[in-house]
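Visitor: File follows, run20.txt with compact mmCIF, C-alpha atoms:
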```
# COMPACT_ATOMS: atom_id res chain seq x y z
CA HIS A 1369 -76.64 -48.91 60.41
CA SER A 1370 -74.68 -46.20 62.24
CA ASN A 1371 -76.94 -43.36 61.14
CA LYS A 1372 -75.27 -40.21 62.46
CA ASN A 1373 -78.54 -38.54 63.52
CA VAL A 1374 -79.50 -41.59 65.57
CA LEU A 1375 -76.08 -41.95 67.16
CA ASP A 1376 -75.94 -38.26 68.04
CA ALA A 1377 -79.36 -38.45 69.71
CA MET A 1378 -78.37 -41.56 71.64
CA LYS A 1379 -75.13 -39.98 72.84
CA LYS A 1380 -76.93 -36.79 73.87
CA GLN A 1381 -79.40 -38.78 75.95
CA MET A 1382 -76.74 -41.03 77.52
CA GLU A 1383 -74.91 -37.95 78.73
CA LYS A 1384 -78.04 -37.11 80.77
CA SER A 1385 -79.21 -40.53 81.92
CA THR A 1386 -78.93 -44.11 80.69
CA PHE A 1387 -81.76 -45.79 82.60
CA GLY A 1388 -84.87 -45.01 84.62
CA TYR A 1389 -86.99 -47.81 86.06
CA ARG A 1390 -90.56 -47.26 84.88
CA LEU A 1391 -92.21 -48.13 88.21
CA HIS A 1392 -90.32 -45.34 89.96
CA PHE A 1393 -89.40 -42.75 87.35
CA GLU A 1394 -90.82 -40.90 84.40
CA ASN A 1395 -88.61 -39.61 81.60
CA GLU A 1396 -89.17 -37.17 78.80
CA PRO A 1397 -87.87 -39.31 75.88
CA ALA A 1398 -90.23 -42.15 76.80
CA GLU A 1399 -93.17 -39.74 77.01
CA GLN A 1400 -92.29 -38.21 73.64
CA LEU A 1401 -91.96 -41.62 72.03
CA ALA A 1402 -95.21 -42.86 73.55
CA LYS A 1403 -97.02 -39.79 72.19
CA LYS A 1404 -95.61 -40.41 68.71
CA VAL A 1405 -96.47 -44.11 68.76
CA SER A 1406 -100.00 -43.35 69.94
CA GLU A 1407 -100.47 -40.86 67.12
CA LEU A 1408 -99.40 -43.47 64.56
CA SER A 1409 -101.42 -46.32 66.07
CA PRO A 1410 -105.08 -47.22 65.39
CA ASP A 1411 -107.89 -45.29 67.07
CA GLY A 1412 -108.14 -45.84 70.79
CA HIS A 1413 -104.56 -47.04 71.27
CA GLU A 1414 -103.60 -44.20 73.56
CA LYS A 1415 -101.41 -46.14 75.98
CA VAL A 1416 -97.94 -47.50 75.19
CA PHE A 1417 -95.95 -49.93 77.32
CA PHE A 1418 -92.24 -50.20 76.46
CA VAL A 1419 -90.38 -53.51 76.67
CA SER A 1420 -87.02 -54.96 75.69
CA GLY A 1421 -87.99 -57.12 72.73
CA GLY A 1422 -90.57 -59.17 70.84
CA SER A 1423 -91.08 -62.04 73.25
CA GLU A 1424 -91.60 -59.59 76.10
CA ALA A 1425 -94.06 -57.59 74.00
CA VAL A 1426 -96.13 -60.73 73.39
CA GLU A 1427 -95.90 -61.74 77.07
CA SER A 1428 -97.10 -58.27 78.04
CA ALA A 1429 -100.02 -58.49 75.61
CA ILE A 1430 -101.38 -61.77 76.93
CA LYS A 1431 -100.84 -60.72 80.55
CA LEU A 1432 -102.71 -57.47 79.99
CA ALA A 1433 -105.58 -59.36 78.37
CA ARG A 1434 -105.69 -61.82 81.26
CA GLN A 1435 -105.64 -59.08 83.89
CA TYR A 1436 -108.51 -57.31 82.13
CA ALA A 1437 -110.60 -60.49 82.17
CA TYR A 1438 -109.65 -61.13 85.80
CA ALA A 1439 -110.66 -57.60 86.78
CA LYS A 1440 -114.02 -58.13 85.08
CA GLY A 1441 -114.57 -61.38 86.99
CA ASP A 1442 -114.08 -63.64 83.96
CA HIS A 1443 -111.60 -65.88 85.74
CA LYS A 1444 -112.15 -68.85 83.41
CA LYS A 1445 -110.84 -66.91 80.40
CA SER A 1446 -107.28 -68.24 80.17
CA LYS A 1447 -106.77 -69.79 76.72
CA VAL A 1448 -105.19 -67.91 73.85
CA ILE A 1449 -105.74 -69.36 70.39
CA SER A 1450 -102.93 -69.01 67.85
CA ARG A 1451 -102.17 -70.42 64.43
CA SER A 1452 -100.11 -73.42 63.37
CA PRO A 1453 -97.41 -73.06 62.24
CA SER A 1454 -96.55 -69.82 64.00
CA TYR A 1455 -93.80 -68.13 65.98
CA HIS A 1456 -94.53 -65.67 68.77
CA GLY A 1457 -91.41 -65.80 70.89
CA ALA A 1458 -89.12 -67.95 73.01
CA THR A 1459 -90.11 -67.08 76.59
CA PHE A 1460 -92.55 -69.50 78.21
CA GLY A 1461 -95.75 -67.50 77.68
CA ALA A 1462 -94.93 -66.68 74.07
CA LEU A 1463 -93.62 -70.21 73.49
CA ALA A 1464 -96.98 -71.64 74.51
CA LEU A 1465 -98.50 -69.66 71.62
CA THR A 1466 -95.78 -70.67 69.18
CA SER A 1467 -96.47 -73.74 67.07
CA TYR A 1468 -93.20 -75.15 65.78
CA ALA A 1469 -92.19 -78.60 67.03
CA PRO A 1470 -88.39 -78.16 67.33
CA LEU A 1471 -88.96 -75.17 69.63
CA ASN A 1472 -91.98 -76.52 71.51
CA ASP A 1473 -91.19 -80.18 72.11
CA PRO A 1474 -88.43 -79.88 74.74
CA PHE A 1475 -90.62 -77.62 76.88
CA LYS A 1476 -94.11 -79.10 76.51
CA ALA A 1477 -94.07 -80.41 80.07
CA MET A 1478 -93.32 -76.89 81.32
CA THR A 1479 -95.73 -74.78 79.26
CA MET A 1480 -99.51 -74.47 79.13
CA ASP A 1481 -101.08 -76.32 76.21
CA MET A 1482 -102.78 -73.65 74.11
CA PRO A 1483 -105.23 -74.32 71.25
CA HIS A 1484 -104.25 -73.70 67.63
CA ILE A 1485 -105.96 -73.39 64.26
CA PRO A 1486 -104.31 -73.85 60.84
CA SER A 1487 -102.53 -70.88 59.31
CA PRO A 1488 -104.34 -69.64 56.16
CA THR A 1489 -102.03 -71.29 53.61
CA CYS A 1490 -104.72 -70.89 50.95
CA TYR A 1491 -102.25 -70.97 48.07
CA LEU A 1492 -101.51 -74.64 48.85
CA ASP A 1493 -105.15 -75.76 48.73
CA ARG A 1494 -106.39 -77.73 45.76
CA ASP A 1495 -110.14 -77.21 45.65
CA ASN A 1496 -112.75 -75.35 43.65
CA PHE A 1497 -112.95 -72.38 46.02
CA THR A 1498 -111.82 -68.90 45.10
CA LEU A 1499 -109.03 -67.41 47.22
CA GLU A 1500 -111.53 -65.24 49.06
CA GLU A 1501 -113.72 -68.27 49.80
CA ARG A 1502 -110.68 -70.06 51.13
CA GLY A 1503 -109.88 -67.08 53.32
CA LEU A 1504 -113.35 -67.27 54.86
CA LYS A 1505 -112.97 -71.03 55.31
CA TYR A 1506 -109.80 -70.53 57.35
CA ALA A 1507 -111.37 -67.70 59.35
CA GLU A 1508 -114.34 -69.89 60.26
CA MET A 1509 -111.87 -72.36 61.79
CA LEU A 1510 -111.41 -69.80 64.58
CA LYS A 1511 -115.15 -69.82 65.33
CA GLU A 1512 -115.18 -73.62 65.33
CA LYS A 1513 -112.22 -73.74 67.74
CA ILE A 1514 -113.81 -71.21 70.10
CA ILE A 1515 -116.99 -73.28 70.26
CA GLU A 1516 -114.97 -76.49 70.70
CA GLU A 1517 -112.96 -75.07 73.61
CA GLY A 1518 -115.91 -73.21 75.12
CA PRO A 1519 -116.26 -69.44 74.59
CA GLU A 1520 -116.15 -68.88 78.36
CA ASN A 1521 -112.57 -70.23 78.38
CA ILE A 1522 -111.14 -68.20 75.50
CA LEU A 1523 -109.26 -65.03 76.32
CA ALA A 1524 -107.80 -64.00 72.97
CA PHE A 1525 -106.71 -64.85 69.46
CA ILE A 1526 -103.20 -63.83 68.42
CA MET A 1527 -101.93 -63.65 64.85
CA GLU A 1528 -99.30 -62.05 62.66
CA PRO A 1529 -101.08 -60.02 59.95
CA ILE A 1530 -98.32 -61.13 57.59
CA GLY A 1531 -96.63 -64.39 58.47
CA GLY A 1532 -93.08 -64.23 59.73
CA ALA A 1533 -90.37 -66.85 60.11
CA SER A 1534 -92.75 -69.80 60.37
CA THR A 1535 -94.79 -69.18 57.21
CA GLY A 1536 -92.55 -67.11 54.94
CA ALA A 1537 -94.38 -63.78 54.58
CA LEU A 1538 -97.80 -65.45 54.33
CA VAL A 1539 -100.60 -63.05 53.37
CA ALA A 1540 -104.18 -64.25 53.76
CA PRO A 1541 -106.97 -63.29 51.32
CA ASP A 1542 -108.43 -59.89 52.18
CA ARG A 1543 -111.75 -61.18 53.56
CA TYR A 1544 -109.93 -63.29 56.16
CA TYR A 1545 -108.90 -60.26 58.21
CA GLY A 1546 -112.30 -58.66 58.60
CA ARG A 1547 -113.99 -61.98 59.37
CA ILE A 1548 -111.45 -62.73 62.12
CA ARG A 1549 -112.19 -59.34 63.68
CA ASP A 1550 -115.94 -60.05 63.52
CA ILE A 1551 -115.57 -63.47 65.17
CA CYS A 1552 -113.52 -62.01 68.02
CA ASP A 1553 -116.20 -59.37 68.56
CA GLU A 1554 -118.98 -61.97 68.40
CA PHE A 1555 -117.45 -64.02 71.20
CA ASP A 1556 -116.05 -61.07 73.18
CA ILE A 1557 -112.41 -62.15 72.95
CA PHE A 1558 -109.34 -60.02 72.38
CA LEU A 1559 -107.75 -59.76 68.96
CA ILE A 1560 -104.00 -59.42 69.46
CA TYR A 1561 -101.78 -58.57 66.50
CA ASP A 1562 -98.18 -59.71 66.76
CA GLU A 1563 -96.49 -57.02 64.67
CA VAL A 1564 -93.02 -57.72 66.02
CA MET A 1565 -91.80 -58.57 62.54
CA THR A 1566 -94.23 -56.54 60.44
CA GLY A 1567 -94.64 -53.30 62.37
CA VAL A 1568 -92.98 -49.88 62.24
CA GLY A 1569 -92.89 -49.37 58.50
CA ARG A 1570 -91.72 -52.79 57.36
CA THR A 1571 -94.71 -53.31 55.02
CA GLY A 1572 -95.02 -49.75 53.78
CA LYS A 1573 -97.36 -48.59 56.56
CA PHE A 1574 -96.66 -48.04 60.24
CA LEU A 1575 -98.51 -51.28 61.02
CA ALA A 1576 -99.43 -54.10 58.64
CA ALA A 1577 -102.93 -53.98 60.17
CA GLU A 1578 -103.51 -50.76 58.25
CA HIS A 1579 -103.53 -52.61 54.91
CA TRP A 1580 -106.87 -54.15 55.92
CA ASN A 1581 -108.17 -51.32 58.16
CA ILE A 1582 -108.15 -53.64 61.16
CA ASN A 1583 -108.05 -52.23 64.67
CA PRO A 1584 -106.76 -54.95 67.01
CA ASP A 1585 -107.40 -54.66 70.74
CA ILE A 1586 -103.72 -55.10 71.64
CA ILE A 1587 -100.61 -54.81 69.45
CA ALA A 1588 -97.06 -56.04 70.04
CA THR A 1589 -94.08 -54.51 68.20
CA ALA A 1590 -90.29 -54.81 68.35
CA LYS A 1591 -87.52 -55.55 65.80
CA GLY A 1592 -87.92 -52.52 63.51
CA PHE A 1593 -89.08 -50.49 66.50
CA GLY A 1594 -85.52 -50.24 67.81
CA ALA A 1595 -83.97 -50.71 64.35
CA GLY A 1596 -81.05 -52.64 65.83
CA TYR A 1597 -79.74 -49.65 67.77
CA VAL A 1598 -81.18 -50.77 71.08
CA SER A 1599 -83.27 -53.65 72.44
CA LEU A 1600 -86.69 -52.02 72.35
CA GLY A 1601 -90.28 -53.07 71.78
CA ALA A 1602 -93.72 -51.86 72.73
CA MET A 1603 -97.24 -52.95 73.46
CA THR A 1604 -100.17 -50.68 72.68
CA ALA A 1605 -103.71 -51.28 73.90
CA LYS A 1606 -107.10 -49.65 73.71
CA GLN A 1607 -107.81 -47.15 76.46
CA ASN A 1608 -110.72 -49.05 78.02
CA ILE A 1609 -108.54 -52.12 78.58
CA VAL A 1610 -105.86 -50.11 80.34
CA ASP A 1611 -108.40 -48.18 82.43
CA THR A 1612 -110.03 -51.39 83.67
CA VAL A 1613 -106.69 -52.92 84.66
CA PHE A 1614 -105.51 -49.73 86.39
CA ASP A 1615 -108.78 -49.38 88.29
CA ALA A 1616 -108.23 -52.93 89.60
CA GLY A 1617 -104.83 -52.06 91.03
CA GLY A 1618 -102.52 -51.60 88.06
CA PHE A 1619 -100.68 -53.77 85.54
CA GLN A 1620 -98.94 -56.53 87.47
CA HIS A 1621 -95.94 -56.96 85.22
CA GLY A 1622 -92.80 -55.51 86.82
```
How would this structure read if it were set down as structure tokens?

Guide:
Amino acid sequence: HSNKNVLDAMKKQMEKSTFGYRLHFENEPAEQLAKKVSELSPDGHEKVFFVSGGSEAVESAIKLARQYAYAKGDHKKSKVISRSPSYHGATFGALALTSYAPLNDPFKAMTMDMPHIPSPTCYLDRDNFTLEERGLKYAEMLKEKIIEEGPENILAFIMEPIGGASTGALVAPDRYYGRIRDICDEFDIFLIYDEVMTGVGRTGKFLAAEHWNINPDIIATAKGFGAGYVSLGAMTAKQNIVDTVFDAGGFQHG
């Protein structure tokens, strides 16, 4: 808190300008930050979209995925699978992905019902499987859910690489992560990593995804991104996703 270098930089910038609306203005600090974030992000994540917090980062991620599918003519792709329990935010889009009854129940009539699969709480299982076998068992639940819902209807799968508030820093067995990536590729659906809680150095690497060498298609960050100094988050996405959306008229998310 109150790091002098950070405060001095903030004051220096505020003396120049305090706000520039992104649809109308460019600004040098945002460009510098985007360049730095892109350099630290997985291969292909060359575009950065700044937001005001975690829920907005998640909303941006699912809207970008949807607009990509829409631009490609895949209009039926509208369902985003998440895990249960999970927490992805409090705004309506993110809340539809969240699976926690006290938060969901009052708003069920107002939100889209999204499919869920169990979180990989392998340490609670009492069976004869090894941890790695359990990890694969939980990963295969994603494939089963995709087939159950119809692959043509599934837009994306969103997950926290390390569980946050809903699962108490849950880490899946190593093989879980690679198998999830493979399943998403098999069915041509987006893999979205919610790194709002885990990203920007909180697990010892810039992104928790790096621990398993996973390259998600879209990544949401916040919390540590602004470090409490300012409400700030970001979404990064692979270049081909952004190009397709821009070629179709731009990202409709003002």

Visitor: Separation of atom CA of Ile1587 of chain A and atom CA of Glu1516 of chain A, in Å?

Guide: 26.0 Å

Visitor: Please identify all polymer residues within 12 Å of Gly1518 of chain A, counting all atoms listed in the file, omitting same-chain residues fewer than 5 positions from it, and present them as a list in words.

Guide: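 Counting only the stated atoms, we get Lys1444, Lys1445, Ser1446, Lys1447, Ile1449, Pro1483, Leu1510, Lys1511, Glu1512, Lys1513, Leu1523, Phe1555 and Ile1557 of chain A.
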
Visitor: Go through A:Gly1594, A:Pro1529, A:Pro1486, A:Pro1453 one by one, measure the shortest atom-to-atom distance of each to Met1509 of chain A using all atoms listed in the file, and give the residue with the smallest value.

Guide: A:Pro1486

Visitor: With 12 Å as the cut-off and all atoms listed in the file counted, what is the closest atom pair between each nearby residue of segment 1504-1609 of chain A and segment 1371-1376 of chain A? Distances in Å to one decimal, ordered by chain and number, as CSV.

Guide:
```
residue,atom,partner,partner_atom,distance
A:Gly1594,CA,A:Val1374,CA,10.8
A:Ala1595,CA,A:Val1374,CA,10.2
A:Gly1596,CA,A:Val1374,CA,11.2
A:Tyr1597,CA,A:Val1374,CA,8.4
A:Val1598,CA,A:Val1374,CA,10.8
```

Visitor: At a cut-off of 10 Å from (-104.7, -62.5, 51.7) in the coordinates of the file, what residues are picked up using all atoms listed in the file, written as a list in words?

Guide: Pro1488, Thr1489, Cys1490, Tyr1491, Leu1499, Glu1500, Arg1502, Gly1503, Pro1529, Ile1530, Leu1538, Val1539, Ala1540, Pro1541, Asp1542, Arg1543, Tyr1544, Tyr1545 and Trp1580 of chain A

Visitor: Would you place a box with edges along x, y and z of the file around all atoms of segment 1571-1590 of chain A listed there, add 5 Å to each of its six sides, and report the centre and edge lengths in Å to one decimal, as JSON?

Guide:
```
{"center_x": -99.2, "center_y": -52.0, "center_z": 62.7, "size_x": 27.9, "size_y": 18.0, "size_z": 27.9}
```

Visitor: How far is it from atom CA of Ala1433 of chain A to atom CA of Asn1395 of chain A, in Å with one decimal?

Guide: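 Straight-line distance from atom CA of Ala1433 of chain A to atom CA of Asn1395 of chain A works out to 26.2 Å.
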
Visitor: Separation of atom CA of Arg1451 of chain A and atom CA of Ser1487 of chain A, in Å?

Guide: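 For atom CA of Arg1451 of chain A relative to atom CA of Ser1487 of chain A, the distance reads 5.2 Å.
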
Visitor: In terms of the shortest atom-to-atom distance over only C-alpha atoms, which of A:Ser1409, A:Gln1435, A:Thr1498, A:Thr1386 is closest to Ala1576 of chain A?

Guide: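 Ranking A:Ser1409, A:Gln1435, A:Thr1498, A:Thr1386 by distance to Ala1576 of chain A, first place goes to A:Ser1409.
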
Visitor: Check the smallest atom-to-atom distance from each of A:Ile1526, A:Ile1560, A:Ile1586, A:Met1480 to Asn1608 of chain A using all atoms listed in the file, then report the winner.

Guide: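 Checking each candidate against Asn1608 of chain A, we get A:Ile1586 as the closest.
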
Visitor: I'd like the neighbourhood of segment 1564-1571 of chain A as number ranges by chain, where a residue qualifies if any of its atoms comes within 10 Å (using all atoms listed in the file), though same-chain residues fewer than 2 positions away should be ignored.

Guide: A: 1405, 1408-1409, 1421-1423, 1425-1426, 1456-1457, 1528-1533, 1537, 1561-1562, 1573-1579, 1587-1595, 1601-1603

Visitor: Excluding same-chain residues fewer than 6 positions from Glu1554 of chain A, what lies within 12 Å of it counting all atoms listed in the file, as a PyMOL selection string?

Guide: chain A and resi 1510-1511+1514-1515+1519+1547-1548

Visitor: If you count all atoms listed in the file, which residues fall within 8 Å of Gly1412 of chain A, apart from same-chain ones fewer than 4 positions away, as a list of chain:residue names?

Guide: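 With the cut-off at 8 Å, the set is A:Ala1605, A:Lys1606, A:Gln1607.
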
Visitor: With only C-alpha atoms as the atoms that count, which of A:Ile1551, A:Glu1501, A:Val1419, A:Ile1522 lies nearest to Ser1599 of chain A?

Guide: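 Ranked by minimum distance to Ser1599 of chain A, first place goes to A:Val1419.
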
Visitor: What would segment 1585-1614 of chain A look like with N, CA and C atoms in place, written as a compact mmCIF listing (two decimals), in the frame of the given file?

Guide:
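To be explicit, this is the file written out as result24.txt:
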```txt
# COMPACT_ATOMS: atom_id res chain seq x y z
N ASP A 1585 -107.23 -55.17 69.38
CA ASP A 1585 -107.40 -54.66 70.74
C ASP A 1585 -106.05 -54.39 71.40
N ILE A 1586 -105.07 -55.24 71.08
CA ILE A 1586 -103.72 -55.10 71.64
C ILE A 1586 -102.73 -55.40 70.52
N ILE A 1587 -101.62 -54.65 70.50
CA ILE A 1587 -100.61 -54.81 69.45
C ILE A 1587 -99.23 -54.93 70.08
N ALA A 1588 -98.45 -55.88 69.60
CA ALA A 1588 -97.06 -56.04 70.04
C ALA A 1588 -96.12 -55.68 68.90
N THR A 1589 -95.10 -54.86 69.20
CA THR A 1589 -94.08 -54.51 68.20
C THR A 1589 -92.69 -54.65 68.81
N ALA A 1590 -91.71 -54.78 67.95
CA ALA A 1590 -90.29 -54.81 68.35
C ALA A 1590 -89.47 -54.76 67.06
N LYS A 1591 -88.39 -55.50 66.98
CA LYS A 1591 -87.52 -55.55 65.80
C LYS A 1591 -87.32 -54.17 65.19
N GLY A 1592 -88.08 -53.81 64.16
CA GLY A 1592 -87.92 -52.52 63.51
C GLY A 1592 -88.14 -51.34 64.43
N PHE A 1593 -88.80 -51.57 65.56
CA PHE A 1593 -89.08 -50.49 66.50
C PHE A 1593 -87.79 -49.88 67.04
N GLY A 1594 -86.81 -50.72 67.34
CA GLY A 1594 -85.52 -50.24 67.81
C GLY A 1594 -84.48 -50.20 66.71
N ALA A 1595 -84.81 -50.76 65.54
CA ALA A 1595 -83.97 -50.71 64.35
C ALA A 1595 -82.55 -51.25 64.58
N GLY A 1596 -82.37 -52.09 65.58
CA GLY A 1596 -81.05 -52.64 65.83
C GLY A 1596 -80.14 -51.77 66.66
N TYR A 1597 -80.58 -50.55 66.97
CA TYR A 1597 -79.74 -49.65 67.77
C TYR A 1597 -79.83 -49.96 69.26
N VAL A 1598 -80.97 -50.48 69.67
CA VAL A 1598 -81.18 -50.77 71.08
C VAL A 1598 -82.27 -51.83 71.18
N SER A 1599 -82.23 -52.65 72.22
CA SER A 1599 -83.27 -53.65 72.44
C SER A 1599 -84.54 -52.94 72.92
N LEU A 1600 -85.51 -52.81 72.04
CA LEU A 1600 -86.69 -52.02 72.35
C LEU A 1600 -87.91 -52.57 71.63
N GLY A 1601 -89.00 -52.69 72.36
CA GLY A 1601 -90.28 -53.07 71.78
C GLY A 1601 -91.37 -52.32 72.49
N ALA A 1602 -92.60 -52.56 72.10
CA ALA A 1602 -93.72 -51.86 72.73
C ALA A 1602 -95.00 -52.67 72.60
N MET A 1603 -95.87 -52.46 73.55
CA MET A 1603 -97.24 -52.95 73.46
C MET A 1603 -98.16 -51.73 73.50
N THR A 1604 -99.13 -51.70 72.60
CA THR A 1604 -100.17 -50.68 72.68
C THR A 1604 -101.50 -51.38 72.92
N ALA A 1605 -102.41 -50.69 73.59
CA ALA A 1605 -103.71 -51.28 73.90
C ALA A 1605 -104.76 -50.19 73.91
N LYS A 1606 -106.00 -50.59 73.68
CA LYS A 1606 -107.10 -49.65 73.71
C LYS A 1606 -107.30 -49.10 75.13
N GLN A 1607 -107.72 -47.87 75.19
CA GLN A 1607 -107.81 -47.15 76.46
C GLN A 1607 -108.68 -47.86 77.49
N ASN A 1608 -109.81 -48.42 77.06
CA ASN A 1608 -110.72 -49.05 78.02
C ASN A 1608 -110.10 -50.26 78.70
N ILE A 1609 -109.22 -50.97 77.99
CA ILE A 1609 -108.54 -52.12 78.58
C ILE A 1609 -107.61 -51.65 79.69
N VAL A 1610 -106.82 -50.63 79.37
CA VAL A 1610 -105.86 -50.11 80.34
C VAL A 1610 -106.58 -49.53 81.55
N ASP A 1611 -107.66 -48.79 81.32
CA ASP A 1611 -108.40 -48.18 82.43
C ASP A 1611 -108.94 -49.24 83.39
N THR A 1612 -109.47 -50.32 82.83
CA THR A 1612 -110.03 -51.39 83.67
C THR A 1612 -108.95 -52.03 84.53
N VAL A 1613 -107.79 -52.29 83.93
CA VAL A 1613 -106.69 -52.92 84.66
C VAL A 1613 -106.14 -51.97 85.73
N PHE A 1614 -106.02 -50.69 85.40
CA PHE A 1614 -105.51 -49.73 86.39
C PHE A 1614 -106.48 -49.54 87.54
```
